[in-house]
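Participant: Below: one structure in structure tokens.
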Amino acid sequence: MAVARKMREYVENGSMIRKMFEEGARLKKIHGEDKVFDFSLGNPNLPPPAALKERLRAVVEADDPALHAYMPNAGLAEARAAIASRISADQGVALGGDQVVVSCGAAGALNIILKALLDPGDEVLVSSPYFVEYGFIADNHGGVLKAVPSLPDFSLDLGALEAAMGAKTKVVLVNTPNNPTGRIYSAESLAALARAMERKGRENGRALYLVSDEPYRKIVYGGASVPSVLASYANSIVATSYSKDLSLPGERIGYVAVNPAAEDLPNLMGALALANRILGYVNAPSLMQRVIAGMGEACVDVSLYERKRDALAAGLRAAGYDFDLPAGAFYLFPRSPLADEARFIALLKEENILAVPGSGFGTPGYFRIAYCVDDKVIAGALPGFERAMRKALET
């Protein structure tokens, strides 16, 4: 066959999120858009802030001959400086533009980070549940993803993580707020994780890097805040995007920020910039770099996501579902009423409700609901969720 064996396996065992999204599209053609309730994809449904449209218009209309030109692989100096200034204020660590690489979204950021850090066979530890594409990205660069179960409340199991750190461990990857649980890792747990990584680094004679995937950093509720990974550990790196807080997933704009105290910093920054080029990104989109440079602290109206969360949670609790209310992101991760969550997902599908099984996130027995949808989708789905629960209890 012409297609590489590994890619055939990836296609066959690919993301359950995308599979459910495609199934939703099929069902909508059969039953109509308003009869199918698709909670599969974390696709922001809020409009970008009004200031973004104004900024985009100003950038496009500017008489700048370099508007669409090549640029340094690490990004425009003004964009990197603006990002560094915001990070310094937000995370309590003073960064300059030289510690920032503008990337093609958070996925692009993670790819260049792991390309820069991993040698063949190096391990990337992750706490489950975790975003399934982490495994693909680690494998892209010769790494091996090693999942460590979280505690029952989905906080970090620090003892298990430290026990899993071995001679091949190079990266510990955290995602806070977490997709799919909405868990925000506490400052105390991050500090304890940092101490464990320092101990293991000394034992193994090489630095371990703490990488934090933070696209949901601003999507938090009830006055919650996300503790700074950069402030917790010297060898720390943040990967993020503007996909969620500015509702720009299709524009593919994000960045990597490296702690200025990180080991071998000049070579690390050079490797990140080179990885941007050789992986084919070359540089992040020119227009969007100029846009984000002038956006300040703009963000979508997070209270609208909180309202959606609360409406969905109230309806599901009334129907008997068991879950923790998420502190961030825009997902619920309930426990399946059937031990085999795939069977329950099938019951939901009978009600034209699309959700993603927890096995797609390395945690069977649960399922994910993305509530970044129109309010009418939530309201319309609640009777079906109730009927599915009744069917499960009768099974």
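Note on naming: chains are A, B, ... as they come in the structure tokens, residues start from 1 per chain, ligands start from 1 in the order shown.
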Write out as a list in words the residues lying within 8 Å of A:Gln99, counting only C-alpha atoms and excluding same-chain residues fewer than 2 positions away.

Facilitator: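 Contacts, in chain order: Ala84, Leu95, Gly96, Gly97, Val101, Ala257, Val258, Asn259, Pro260 and Met269 of chain A.
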
Participant: A:Val93: which residues within 9 Å, counting only C-alpha atoms, same-chain residues fewer than 4 positions away excluded, as a PDB file with C-alpha atoms, in the first residue's frame?

Facilitator:
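Below is the file that was written, part-v8.pdb:
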```
ATOM      1  CA  ILE A  87       3.093  37.179  30.108  1.00  0.00           C
ATOM      2  CA  SER A  88       5.343  39.081  32.491  1.00  0.00           C
ATOM      3  CA  ALA A  89       2.334  40.807  34.046  1.00  0.00           C
ATOM      4  CA  SER A 228       1.805  30.310  36.890  1.00  0.00           C
ATOM      5  CA  LEU A 230       6.630  29.700  34.695  1.00  0.00           C
ATOM      6  CA  ALA A 231       6.861  30.915  38.294  1.00  0.00           C
ATOM      7  CA  ASN A 259      11.304  30.702  31.248  1.00  0.00           C
ATOM      8  CA  PRO A 260      14.397  32.951  30.991  1.00  0.00           C
TER       9      PRO A 260
END
```

Participant: Counting only C-alpha atoms, figure out which residue out of A:Ala25, A:Leu41, A:Ala329, A:Ala388 gets nearest to A:Lys218.

Facilitator: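 Nearest candidate to A:Lys218 out of A:Ala25, A:Leu41, A:Ala329, A:Ala388: A:Ala329.
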
Participant: Given only C-alpha atoms as the basis, pick out the residue of A:Arg206, A:Lys115, A:Arg290, A:Arg183 nearest to A:Leu332.

Facilitator: A:Arg183

Participant: To test your reading of the structure, identify every residue in stretch 137-204 of chain A that backbone DSSP assigns to alpha helix (DSSP H), and report it as a PyMOL selection string.

Facilitator: chain A and resi 137-140+158-164+187-204

Participant: For each of A:Asp324, A:Glu341, A:Glu386, A:Glu263, take the minimum atom-to-atom distance to A:Asp153, counting only C-alpha atoms, then give the residue where this is smallest.

Facilitator: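 Closest candidate: A:Asp324.
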
Participant: Which residue out of A:Ala192, A:Phe154, A:Ser127, A:Gly92 has the minimum interatomic distance to A:Val174 when only C-alpha atoms are used?

Facilitator: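 Comparing A:Ala192, A:Phe154, A:Ser127, A:Gly92 against A:Val174, the winner is A:Ser127.
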
Participant: Which residues, written as JSON, numbers by chain, have at least one atom at most 10 Å from A:Ala342, with only C-alpha atoms counted and residues fewer than 4 positions away on the same chain left out?

Facilitator: {"A": [336, 338, 346, 347, 348, 356, 357, 358, 359, 364, 365, 366, 367]}

Participant: Which residues are near A:Asn73? Cut-off 9 Å, only C-alpha atoms, ignore same chain within fewer than 2 positions. Put them as a list in words.

Facilitator: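 Near neighbours after the sequence-gap exclusion: Tyr70, Met71, Gly75, Leu76, Val101, Val102, Leu272, Ala273, Leu274, Ala275, Asn276, Arg277, Tyr281, Val282, Asn283 and Ala284 of chain A.
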
Participant: So, with only C-alpha atoms as the atoms that count, which of A:Asn140, A:Ser128, A:Ser303, A:Ser103 lies closest to A:Ser241?

Facilitator: A:Ser103

Participant: With only C-alpha atoms as the counted atoms, please give the residues lying no more than 8 Å from A:Glu351, apart from itself and same-chain residues fewer than 6 positions off, as a list in words.

Facilitator: Gly384, Phe385, Arg387 and Ala388 of chain A

Participant: Nearest residue to A:Leu52 out of A:Val132, A:Ile278, A:Ala293, A:Met20, using only C-alpha atoms?

Facilitator: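 Of the candidates, the smallest distance to A:Leu52 is held by A:Ala293.
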
Participant: Which residues, written as a PDB file with N, CA and C atoms, in the first residue's frame, have at least one atom at most 7 Å from A:Phe361, with only C-alpha atoms counted and residues fewer than 6 positions away on the same chain left out?

Facilitator:
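Writing the result to selection_20.pdb gives the following:
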```pdb
ATOM      1  N   PRO A 129      -7.106  12.258  32.542  1.00  0.00           N
ATOM      2  CA  PRO A 129      -7.417  12.384  31.123  1.00  0.00           C
ATOM      3  C   PRO A 129      -6.541  13.447  30.437  1.00  0.00           C
ATOM      4  N   TYR A 130      -6.315  13.239  29.145  1.00  0.00           N
ATOM      5  CA  TYR A 130      -5.477  14.162  28.383  1.00  0.00           C
ATOM      6  C   TYR A 130      -5.986  14.251  26.953  1.00  0.00           C
ATOM      7  N   PHE A 131      -5.616  15.318  26.277  1.00  0.00           N
ATOM      8  CA  PHE A 131      -6.007  15.538  24.885  1.00  0.00           C
ATOM      9  C   PHE A 131      -5.304  14.512  24.008  1.00  0.00           C
ATOM     10  N   VAL A 132      -6.072  13.775  23.234  1.00  0.00           N
ATOM     11  CA  VAL A 132      -5.558  12.596  22.544  1.00  0.00           C
ATOM     12  C   VAL A 132      -4.417  12.928  21.588  1.00  0.00           C
TER      13      VAL A 132
END
```

Participant: Got a sec to tell me which of stretch 103-311 of chain A DSSP assigns to strand (DSSP E or B), as JSON, numbers by chain?

Facilitator: {"A": [103, 123, 124, 125, 126, 127, 128, 144, 145, 146, 147, 148, 149, 169, 170, 171, 172, 173, 174, 175, 209, 210, 211, 212, 213, 220, 236, 237, 238, 239, 240, 241, 254, 255, 256, 257, 258]}

Participant: One decimal, in Å: what's the spacing between atom CA of A:Asp264 and atom CA of A:Leu118?

Facilitator: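 These two atoms are separated by 14.3 Å.
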
Participant: Rounded to one decimal place, report the atom CA of A:Ile112-atom CA of A:Gly135 distance in Å.

Facilitator: 14.5 Å

Participant: Quick check, in Å to one decimal: how far apart do atom CA of A:Ala262 and atom CA of A:Leu193 lie?

Facilitator: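 Separation between atom CA of A:Ala262 and atom CA of A:Leu193: 16.4 Å.
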